[in-house]
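Okay, so here's the structure we're looking at.
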Amino acid sequence: MSKAEKPDTVNLSRRTTLCGLAAAPLAAIIGAAPALAADDPIFAAIERHKAAEAAFIATLDPTDEVLATEQGRETTQADREAHEAASAASDAATDDLLATVPVSAAGARAALEYLIGFDDGYHLGDFAPTLLKSPLLAA
């Protein structure tokens, strides 16, 4: 078969495929969740992540050597230790968020929206296996 005779194909990236796989079943089940959104642990995990990220971001400027030089100051050991602690807490909050199974349609949607918006959706593919554990997607 010549190139001209081959049917058109679409070349999907891994991220596009995972996003589509995660979103398609959700669209079909919105409103059918047995659990109340208020009882969904994903909301607390999102809030913990937001707080940990804000704390981490607050440690960036004090430990930025270039910025410190421009401002005529030095970075301190305490600043570096605070940065390391905030970085570890942020990583732990990310791991917790990615492992928390949403139990409501609203929670699943909130998690997807948050992860898409956070860091340009970098962790969305990491969340897909967790999302598949949700009772919302049980066969």
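Chain labels follow the order of the structure tokens: the first chain is A, the next B, and so on; residue numbering restarts at 1 in every chain, and ligands are counted from 1 in their shown order.
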
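Shell of Arg73 (chain A) at 12 Å, with only C-alpha atoms counted and residues fewer than 5 places along the chain excluded, is Asp61, Pro62, Thr63, Asp64, Glu65, Val66, Leu67 and Ala68 of chain A.
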
Next, the residues of the selection above should be written as an mmCIF file, in the first residue's frame with C-alpha atoms.
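Contents of part_39.cif, freshly written:
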data_model
loop_
_atom_site.group_PDB
_atom_site.id
_atom_site.type_symbol
_atom_site.label_atom_id
_atom_site.label_comp_id
_atom_site.auth_asym_id
_atom_site.auth_seq_id
_atom_site.Cartn_x
_atom_site.Cartn_y
_atom_site.Cartn_z
ATOM 1 C CA ASP A 61 13.423 33.676 47.308
ATOM 2 C CA PRO A 62 15.309 33.438 50.621
ATOM 3 C CA THR A 63 17.449 30.599 49.212
ATOM 4 C CA ASP A 64 18.018 32.082 45.751
ATOM 5 C CA GLU A 65 21.746 32.902 45.667
ATOM 6 C CA VAL A 66 21.478 35.195 42.627
ATOM 7 C CA LEU A 67 18.593 37.159 44.142
ATOM 8 C CA ALA A 68 20.425 37.383 47.473
#

Close residues, region 53-55 of chain A itself excluded, 12 Å, only C-alpha atoms, min 2 positions apart in chain, as a compact mmCIF listing (two decimals) with C-alpha atoms, in the first residue's frame:
# COMPACT_ATOMS: atom_id res chain seq x y z
CA ILE A 46 -5.98 19.01 47.56
CA GLU A 47 -6.04 21.57 50.39
CA ARG A 48 -3.01 19.96 52.08
CA HIS A 49 -1.16 20.09 48.78
CA LYS A 50 -2.04 23.74 48.20
CA ALA A 51 -0.76 24.65 51.68
CA ILE A 57 7.20 28.64 47.26
CA ALA A 58 7.72 30.99 50.21
CA THR A 59 11.18 29.43 50.72
CA LEU A 60 12.40 30.01 47.16
CA ASP A 61 13.42 33.68 47.31
CA ALA A 82 13.52 25.64 55.81
CA HIS A 83 13.65 25.18 52.05
CA GLU A 84 14.63 21.51 52.37
CA ALA A 85 11.88 20.87 54.92
CA ALA A 86 9.27 22.64 52.79
CA SER A 87 10.43 20.72 49.72
CA ALA A 88 10.08 17.40 51.55
CA ALA A 89 6.62 18.39 52.84
CA SER A 90 5.55 19.39 49.34
CA ASP A 91 6.77 16.07 47.93
CA ALA A 92 4.89 14.18 50.66
CA ALA A 93 1.71 16.18 50.00
CA THR A 94 2.05 15.43 46.27
CA PHE A 118 -1.03 22.56 38.74
CA ASP A 119 2.30 22.53 36.97

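We find CA of Leu131 (chain A) and CA of Ala38 (chain A) to be spaced 17.9 Å apart.
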
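Computed from the coordinates, the CA of Phe56 (chain A) to CA of Pro129 (chain A) distance equals 26.5 Å.
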